$ cat final-v8.cif   # mmCIF, C-alpha atoms and all ligand atoms
data_final
loop_
_atom_site.label_atom_id
_atom_site.label_comp_id
_atom_site.auth_asym_id
_atom_site.auth_seq_id
_atom_site.Cartn_x
_atom_site.Cartn_y
_atom_site.Cartn_z
CA MET F 1 9.47 -8.29 20.92
CA GLN F 2 11.83 -6.76 18.46
CA THR F 3 14.70 -4.66 19.80
CA GLU F 4 16.47 -2.35 17.45
CA MET F 5 20.13 -1.59 17.92
CA PRO F 6 22.17 1.04 16.19
CA GLY F 7 23.52 -0.59 13.05
CA ASP F 8 20.55 -2.99 12.96
CA ASN F 9 18.69 -0.94 10.36
CA TYR F 10 17.52 1.39 13.12
CA GLY F 11 18.60 4.37 11.04
CA LEU F 12 16.81 3.07 7.96
CA ARG F 13 13.51 2.62 9.82
CA GLU F 14 13.78 6.16 11.18
CA GLU F 15 14.49 7.46 7.68
CA ILE F 16 11.44 5.66 6.26
CA LYS F 17 9.25 7.09 9.02
CA ALA F 18 10.60 10.60 8.45
CA TYR F 19 10.15 10.26 4.69
CA TRP F 20 6.46 9.37 4.96
CA SER F 21 5.90 11.99 7.65
CA ALA F 22 7.15 14.58 5.17
CA ARG F 23 4.99 13.12 2.37
CA ALA F 24 1.78 13.29 4.43
CA GLU F 25 0.86 16.88 3.57
CA THR F 26 0.48 16.30 -0.18
CA PHE F 27 -0.04 12.52 -0.24
CA ASP F 28 -3.75 12.68 -1.04
CA LEU F 29 -3.24 15.00 -4.02
CA SER F 30 -1.86 12.15 -6.11
CA PRO F 31 -4.15 9.94 -8.16
CA GLY F 32 -3.14 6.41 -7.23
CA HIS F 33 -3.17 7.45 -3.57
CA GLU F 34 -6.52 9.14 -2.95
CA ILE F 35 -9.57 7.71 -4.72
CA PHE F 36 -11.19 10.50 -6.72
CA THR F 37 -14.06 8.89 -8.62
CA HIS F 38 -17.00 6.57 -7.98
CA LYS F 39 -15.70 4.37 -10.79
CA GLU F 40 -12.36 3.86 -9.05
CA MET F 41 -14.08 3.35 -5.68
CA ALA F 42 -16.30 0.67 -7.25
CA ALA F 43 -13.26 -1.07 -8.74
CA TRP F 44 -11.49 -1.17 -5.35
CA ARG F 45 -14.65 -2.47 -3.72
CA ARG F 46 -14.86 -5.31 -6.24
CA LEU F 47 -11.25 -6.32 -5.55
CA ILE F 48 -11.82 -6.34 -1.79
CA LEU F 49 -15.08 -8.28 -1.99
CA LYS F 50 -13.47 -10.80 -4.36
CA HIS F 51 -10.66 -11.59 -1.92
CA LEU F 52 -11.96 -10.78 1.55
CA GLY F 53 -15.70 -11.41 1.12
CA GLU F 54 -18.64 -9.41 2.48
CA ALA F 55 -17.82 -7.19 5.45
CA ASP F 56 -20.77 -8.01 7.74
CA GLY F 57 -19.28 -5.91 10.53
CA ARG F 58 -16.14 -8.07 10.71
CA LEU F 59 -12.91 -6.69 12.17
CA ALA F 60 -10.38 -5.38 9.66
CA LEU F 61 -6.81 -4.24 10.18
CA ASP F 62 -5.37 -1.79 7.63
CA LEU F 63 -1.59 -1.98 7.90
CA ALA F 64 0.35 1.19 7.09
CA SER F 65 -2.92 3.02 6.77
CA GLY F 66 -1.28 6.30 5.72
CA THR F 67 -3.90 9.02 5.32
CA GLY F 68 -6.60 6.38 5.76
CA VAL F 69 -7.73 5.97 2.15
CA ILE F 70 -8.08 2.19 2.41
CA SER F 71 -9.36 2.31 6.01
CA HIS F 72 -12.19 4.60 4.91
CA LEU F 73 -12.92 2.38 1.93
CA MET F 74 -13.14 -0.66 4.24
CA ASP F 75 -15.33 1.29 6.66
CA GLY F 76 -17.63 2.17 3.77
CA LEU F 77 -17.95 -1.53 2.96
CA GLY F 78 -19.09 -2.26 6.51
CA PHE F 79 -15.94 -3.53 8.23
CA GLN F 80 -14.98 -2.34 11.74
CA VAL F 81 -11.60 -0.87 10.96
CA THR F 82 -8.34 -0.27 12.79
CA GLY F 83 -5.57 1.50 10.89
CA LEU F 84 -1.92 1.30 11.97
CA ASP F 85 0.87 3.54 10.77
CA TRP F 86 4.09 4.83 12.32
CA ALA F 87 4.03 8.32 10.74
CA GLU F 88 2.09 10.67 13.00
CA PRO F 89 1.36 13.26 10.26
CA MET F 90 -0.24 10.48 8.19
CA LEU F 91 -2.32 9.37 11.18
CA GLU F 92 -3.44 12.95 11.80
CA LYS F 93 -4.83 13.20 8.26
CA ALA F 94 -6.59 9.85 8.63
CA ARG F 95 -8.13 10.87 11.96
CA LEU F 96 -9.32 14.22 10.58
CA LYS F 97 -11.15 12.39 7.78
CA ALA F 98 -12.78 10.06 10.30
CA LYS F 99 -13.89 13.06 12.33
CA ALA F 100 -15.27 14.82 9.27
CA ARG F 101 -17.15 11.66 8.23
CA GLN F 102 -18.11 10.94 11.83
CA ARG F 103 -16.85 7.39 11.50
CA PRO F 104 -15.49 5.36 14.43
CA ILE F 105 -12.28 4.18 12.74
CA ARG F 106 -9.45 3.58 15.22
CA PHE F 107 -6.07 4.90 14.03
CA ARG F 108 -3.04 3.87 16.11
CA MET F 109 0.65 4.56 15.85
CA ALA F 110 2.54 1.29 15.48
CA ASP F 111 5.26 -0.47 13.54
CA VAL F 112 3.63 -3.07 11.29
CA GLU F 113 6.46 -5.47 12.13
CA ASN F 114 5.48 -5.28 15.79
CA THR F 115 1.83 -4.21 15.97
CA MET F 116 1.23 -4.70 19.73
CA GLU F 117 -2.19 -6.10 18.79
CA ALA F 118 -3.57 -9.26 20.47
CA ASP F 119 -3.22 -12.76 18.99
CA ASP F 120 -6.07 -13.91 16.69
CA ALA F 121 -7.71 -10.48 16.83
CA TYR F 122 -8.78 -9.68 13.25
CA ASP F 123 -10.99 -11.32 10.63
CA VAL F 124 -9.16 -9.69 7.74
CA ILE F 125 -5.98 -7.74 7.07
CA ILE F 126 -5.48 -5.36 4.17
CA THR F 127 -2.39 -3.43 3.20
CA ARG F 128 -1.72 -1.28 0.14
CA HIS F 129 1.68 -0.05 -1.04
CA LEU F 130 3.57 -1.08 2.07
CA VAL F 131 5.39 -4.34 1.36
CA TRP F 132 7.80 -2.77 -1.18
CA THR F 133 9.17 -0.52 1.58
CA LEU F 134 9.46 -3.10 4.40
CA VAL F 135 12.83 -3.60 6.03
CA ASP F 136 12.02 -7.14 7.19
CA PRO F 137 8.97 -8.57 5.37
CA ALA F 138 9.45 -12.06 6.85
CA ALA F 139 9.11 -10.63 10.38
CA ALA F 140 6.12 -8.54 9.27
CA PHE F 141 4.28 -11.51 7.70
CA ALA F 142 4.85 -13.63 10.82
CA GLU F 143 3.40 -10.80 12.92
CA TRP F 144 0.36 -10.48 10.61
CA LEU F 145 -0.27 -14.21 10.84
CA ARG F 146 -0.25 -13.90 14.62
CA VAL F 147 -2.88 -11.14 14.82
CA LEU F 148 -5.21 -12.72 12.23
CA LYS F 149 -7.95 -15.10 13.43
CA PRO F 150 -7.63 -18.71 12.21
CA GLY F 151 -9.45 -18.82 8.88
CA GLY F 152 -8.92 -15.06 8.46
CA ARG F 153 -7.77 -13.65 5.13
CA ILE F 154 -5.13 -11.13 4.07
CA LEU F 155 -5.05 -8.91 0.98
CA ILE F 156 -1.76 -7.29 0.00
CA VAL F 157 -1.86 -4.75 -2.85
CA ASP F 158 1.56 -3.70 -4.07
CA GLY F 159 3.90 -3.34 -6.99
CA ASP F 160 7.42 -3.24 -8.34
CA PHE F 161 8.28 0.45 -8.22
CA VAL F 162 11.94 -0.10 -9.08
CA ASN F 163 12.05 -1.77 -12.49
CA VAL F 164 10.79 0.36 -15.34
CA THR F 165 9.49 -1.65 -18.30
CA ARG F 166 10.99 -1.01 -21.74
CA THR F 167 7.65 0.29 -22.98
CA GLU F 168 7.32 2.66 -20.04
CA ARG F 169 10.85 3.94 -20.56
CA ALA F 170 10.10 4.60 -24.23
CA LEU F 171 6.81 6.33 -23.41
CA LYS F 172 8.58 8.50 -20.83
CA ALA F 173 11.19 9.52 -23.38
CA VAL F 174 8.50 10.49 -25.90
CA ALA F 175 6.58 12.38 -23.19
CA LYS F 176 9.72 14.35 -22.32
CA ILE F 177 10.16 15.44 -25.93
CA LEU F 178 6.49 16.37 -26.29
CA GLU F 179 6.62 18.33 -23.02
CA ARG F 180 9.72 20.19 -24.20
CA ILE F 181 8.04 21.32 -27.42
CA GLY F 182 4.85 22.16 -25.54
CA TRP F 183 2.62 19.47 -27.07
CA LEU F 184 2.05 17.70 -23.76
CA LYS F 185 1.30 19.16 -20.37
CA PRO F 186 3.59 17.67 -17.70
CA ASP F 187 1.76 15.76 -14.98
CA PRO F 188 1.95 17.66 -11.70
CA MET F 189 4.44 16.33 -9.14
CA HIS F 190 2.96 16.25 -5.66
CA ALA F 191 5.97 15.12 -3.64
CA PRO F 192 7.78 18.01 -1.93
CA PRO F 193 10.92 19.00 -3.89
CA GLY F 194 14.16 17.21 -3.04
CA MET F 195 12.47 14.01 -1.86
CA MET F 196 13.37 11.91 -4.87
CA GLU F 197 16.92 11.41 -3.59
CA ALA F 198 15.69 10.30 -0.16
CA HIS F 199 13.30 7.92 -1.90
CA HIS F 200 16.04 6.34 -4.04
CA SER F 201 18.37 6.03 -1.06
CA ILE F 202 15.70 4.28 1.02
CA VAL F 203 14.64 1.96 -1.80
CA SER F 204 18.26 0.87 -2.32
CA ARG F 205 18.39 -0.46 1.26
CA VAL F 206 14.98 -2.09 1.86
CA HIS F 207 14.39 -5.84 1.45
CA PHE F 208 12.88 -5.48 -2.02
CA SER F 209 15.61 -3.16 -3.27
CA ASN F 210 15.37 -4.88 -6.68
CA GLY F 211 11.61 -4.30 -6.80
CA ALA F 212 8.79 -6.26 -5.14
CA ARG F 213 7.68 -9.06 -7.46
CA ALA F 214 4.40 -10.83 -6.79
CA GLU F 215 5.95 -14.31 -6.78
CA GLN F 216 8.61 -13.32 -4.23
CA VAL F 217 6.01 -11.73 -1.96
CA ALA F 218 3.77 -14.80 -2.31
CA GLU F 219 6.69 -17.09 -1.45
CA LEU F 220 7.47 -15.18 1.74
CA VAL F 221 3.78 -15.10 2.69
CA ALA F 222 3.62 -18.91 2.31
CA LYS F 223 6.87 -19.33 4.26
CA ALA F 224 5.35 -17.34 7.14
CA GLY F 225 2.64 -20.03 7.45
CA PHE F 226 -0.25 -18.67 5.38
CA THR F 227 -2.13 -21.08 3.09
CA GLU F 228 -4.17 -20.66 -0.10
CA VAL F 229 -1.66 -18.06 -1.29
CA GLN F 230 -2.75 -16.57 -4.62
CA VAL F 231 -1.46 -13.85 -6.91
CA ASP F 232 -3.99 -11.64 -8.70
CA THR F 233 -2.60 -9.33 -11.36
CA ASP F 234 -5.98 -8.35 -12.77
CA LEU F 235 -6.16 -4.81 -11.41
CA ARG F 236 -7.19 -3.41 -14.79
CA ASP F 237 -10.47 -1.89 -13.58
CA ILE F 238 -8.64 0.13 -10.94
CA HIS F 239 -5.91 1.26 -13.30
CA LYS F 240 -8.42 2.14 -16.01
CA ALA F 241 -10.39 4.28 -13.59
CA GLN F 242 -7.20 6.02 -12.42
CA SER F 243 -5.85 6.61 -15.92
CA ARG F 244 -8.13 9.56 -16.66
CA HIS F 245 -6.07 11.61 -14.19
CA TRP F 246 -2.87 11.34 -16.25
CA ASN F 247 -1.85 12.26 -19.76
CA ALA F 248 -2.29 9.39 -22.22
CA LEU F 249 1.40 8.47 -22.31
CA LYS F 250 1.73 8.24 -18.53
CA ALA F 251 -1.50 6.25 -18.31
CA LEU F 252 -0.19 3.80 -20.93
CA GLY F 253 3.14 3.52 -19.11
CA ARG F 254 1.47 2.82 -15.78
CA GLY F 255 -0.54 0.06 -17.38
CA THR F 256 2.73 -1.77 -18.13
CA GLN F 257 3.94 -1.72 -14.51
CA HIS F 258 4.07 -4.87 -12.38
CA ARG F 259 1.26 -4.19 -9.91
CA PHE F 260 -0.49 -7.01 -8.11
CA ALA F 261 -2.51 -8.34 -5.22
CA VAL F 262 -1.47 -11.31 -3.08
CA THR F 263 -4.12 -13.02 -0.98
CA ALA F 264 -3.84 -15.78 1.58
CA LYS F 265 -5.52 -17.42 4.53
CA LYS F 266 -4.45 -18.14 8.08
CA PRO F 267 -4.95 -21.90 8.43
CA ILE F 268 -7.38 -23.30 10.97
CA ALA F 269 -5.56 -25.74 13.29
CA SER F 270 -7.91 -28.63 12.41
CA GLU F 271 -7.10 -28.14 8.70
CA GLY F 272 -3.36 -28.58 9.31
C1 LIG T 1 2.88 4.50 0.17
S1 LIG T 1 2.23 4.85 1.76
C2 LIG T 1 0.74 3.90 1.67
C3 LIG T 1 -0.36 4.39 2.60
C4 LIG T 1 -1.69 3.64 2.46
N1 LIG T 1 -1.55 2.22 2.71
C5 LIG T 1 -2.29 3.87 1.12
O1 LIG T 1 -2.25 2.95 0.29
O2 LIG T 1 -2.84 4.97 0.86
C6 LIG T 1 3.24 3.89 2.83
C7 LIG T 1 2.88 4.01 4.30
O3 LIG T 1 3.54 2.98 5.01
C8 LIG T 1 3.89 3.46 6.29
N2 LIG T 1 4.91 2.54 6.79
C9 LIG T 1 6.02 2.09 6.17
N3 LIG T 1 6.67 1.20 6.94
C10 LIG T 1 5.96 1.08 8.08
C11 LIG T 1 6.12 0.31 9.27
N4 LIG T 1 7.14 -0.53 9.43
N5 LIG T 1 5.19 0.44 10.25
C12 LIG T 1 4.13 1.28 10.11
N6 LIG T 1 3.93 2.04 9.00
C13 LIG T 1 4.83 1.92 8.00
C14 LIG T 1 4.34 4.87 6.02
O4 LIG T 1 4.36 5.65 7.18
C15 LIG T 1 3.31 5.31 4.98
O5 LIG T 1 2.19 5.91 5.60
#
$ encode --input "final-v8.cif" --output "structure tokens" --more "lines below"
Ligand SMILES: C[S@@+](CC[C@H](N)C(=O)[O-])C[C@H]1O[C@@H](n2cnc3c(N)ncnc32)[C@H](O)[C@@H]1O
Amino acid sequence: MQTEMPGDNYGLREEIKAYWSARAETFDLSPGHEIFTHKEMAAWRRLILKHLGEADGRLALDLASGTGVISHLMDGLGFQVTGLDWAEPMLEKARLKAKARQRPIRFRMADVENTMEADDAYDVIITRHLVWTLVDPAAAFAEWLRVLKPGGRILIVDGDFVNVTRTERALKAVAKILERIGWLKPDPMHAPPGMMEAHHSIVSRVHFSNGARAEQVAELVAKAGFTEVQVDTDLRDIHKAQSRHWNALKALGRGTQHRFAVTAKKPIASEG
């Protein structure tokens, strides 16, 4: 079990938890967080089926489930879902949705680096937009390997939210000019004001402070003991479906970002 001491990133973990707790209220307003269209839902479903296979009532763990967007998606596919997150306001939102939909999704407060779940408990693990903000991804991946059944599969969906591509920078500059002269409507910002600074400060201290790159994530996943590690950068369907929510320049810029999925399998002892 992990013990946190002052000076051992305890403060950073508390800051991350507080940050997401404060983001919970407006989190679902942002395209890219909540899924707003059938087209986007279908694209997510295809990605999940491609990497995790048919649900068939199997047990799924959604790590850092936030407001439960992915948990509900997995439930809709026919998985029996548990969502873990350490921000209570996020969990509250997720539970309210489950109540409204009358779905038996279990949402628990836990640190994904120390889930308190049993060994070999889940058929599949899914996690979206978490790895980039982990303090200790190696510890997290070892923990995820532990709770996955032998032969079980993991799907990590993430991105590099630090490095801005040249094209995106140029598009942002043009958008700024067009907004100033009133030719382009600014995209609404859904994060509460003043949170950008907290975000930058946190990002500068997490493991992937230089941005989470697919190959680095895949390497750590393999090091933790997973096999059949693969990187999938073909998320075009999802991004295309999301792009209608932004102005054309922002949509183009987002298309240039390094976003990816990493999938892997927990080896079966006899295969080793
Ligand atoms: C960007 S949100 C993503 C939420 C959700 N996965 C989604 O895609 O809609 C990041 C989430 O990770 C959670 N989180 C970050 N680090 C965590 C940790 N160590 N343990 C549990 N939750 C964590 C935050 O509380 C927050 O809800």
$ residues_around --input "final-v8.cif" --residues "Phe208 in chain F" --least-positions-apart "5" --cutoff "12 Å" --atoms "all atoms listed in the file" --output "ChimeraX atom specification"
/F:130-138,158-163,202-203,213-214,216-217,220
$ residues_around --input "final-v8.cif" --residues "range 33-46 of chain F" --least-positions-apart "4" --cutoff "7 Å" --atoms "only C-alpha atoms" --output "list in words"
Phe27, Asp28, Leu29, Lys50, Val69, Asp237, Ile238, Ala241 and Gln242 of chain F
$ atom_distance --input "final-v8.cif" --atom1 "CA of Thr227 in chain F" --atom2 "atom C14 of ligand LIG 1 (chain T)"
26.9 Å
$ closest_atom_pairs --input "final-v8.cif" --of "range 86-154 of chain F" --to "range 259-269 of chain F" --cutoff "7 Å" --atoms "all atoms listed in the file" --output "JSON lines"
{"residue": "F:Leu145", "atom": "CA", "partner": "F:Lys266", "partner_atom": "CA", "distance": 6.4}
{"residue": "F:Leu148", "atom": "CA", "partner": "F:Lys266", "partner_atom": "CA", "distance": 6.9}
{"residue": "F:Pro150", "atom": "CA", "partner": "F:Ile268", "partner_atom": "CA", "distance": 4.8}
{"residue": "F:Gly151", "atom": "CA", "partner": "F:Lys266", "partner_atom": "CA", "distance": 5.1}
{"residue": "F:Gly152", "atom": "CA", "partner": "F:Lys266", "partner_atom": "CA", "distance": 5.4}
{"residue": "F:Arg153", "atom": "CA", "partner": "F:Lys265", "partner_atom": "CA", "distance": 4.4}
{"residue": "F:Ile154", "atom": "CA", "partner": "F:Ala264", "partner_atom": "CA", "distance": 5.4}
$ atom_distance --input "final-v8.cif" --atom1 "CA of Gln80 in chain F" --atom2 "CA of Tyr122 in chain F"
9.7 Å
$ residues_near_ligand --input "final-v8.cif" --ligand "ligand LIG 1 (chain T)" --cutoff "7 Å" --atoms "only C-alpha atoms and all ligand atoms" --output "MDAnalysis selection string"
chainID F and resid 16:17 20:21 33:34 63:70 84:87 90 110:113 127:130 133:134
$ atom_distance --input "final-v8.cif" --atom1 "CA of Glu117 in chain F" --atom2 "CA of Gly211 in chain F"
29.1 Å
$ residues_near_point --input "final-v8.cif" --point "(9.0, -0.6, -21.5)" --cutoff "12 Å" --atoms "all atoms listed in the file" --output "JSON, numbers by chain"
{"F": [163, 164, 165, 166, 167, 168, 169, 170, 171, 172, 173, 174, 249, 250, 252, 253, 254, 255, 256, 257, 258]}
$ closest_residue --input "final-v8.cif" --among "F:Tyr19, F:Ala100, F:Glu143, F:Leu12" --to "Ala198 in chain F" --atoms "only C-alpha atoms"
F:Tyr19
$ closest_residue --input "final-v8.cif" --among "F:Thr26, F:Thr82, F:Asn247, F:Ser204" --to "Glu179 in chain F" --atoms "all atoms listed in the file"
F:Asn247
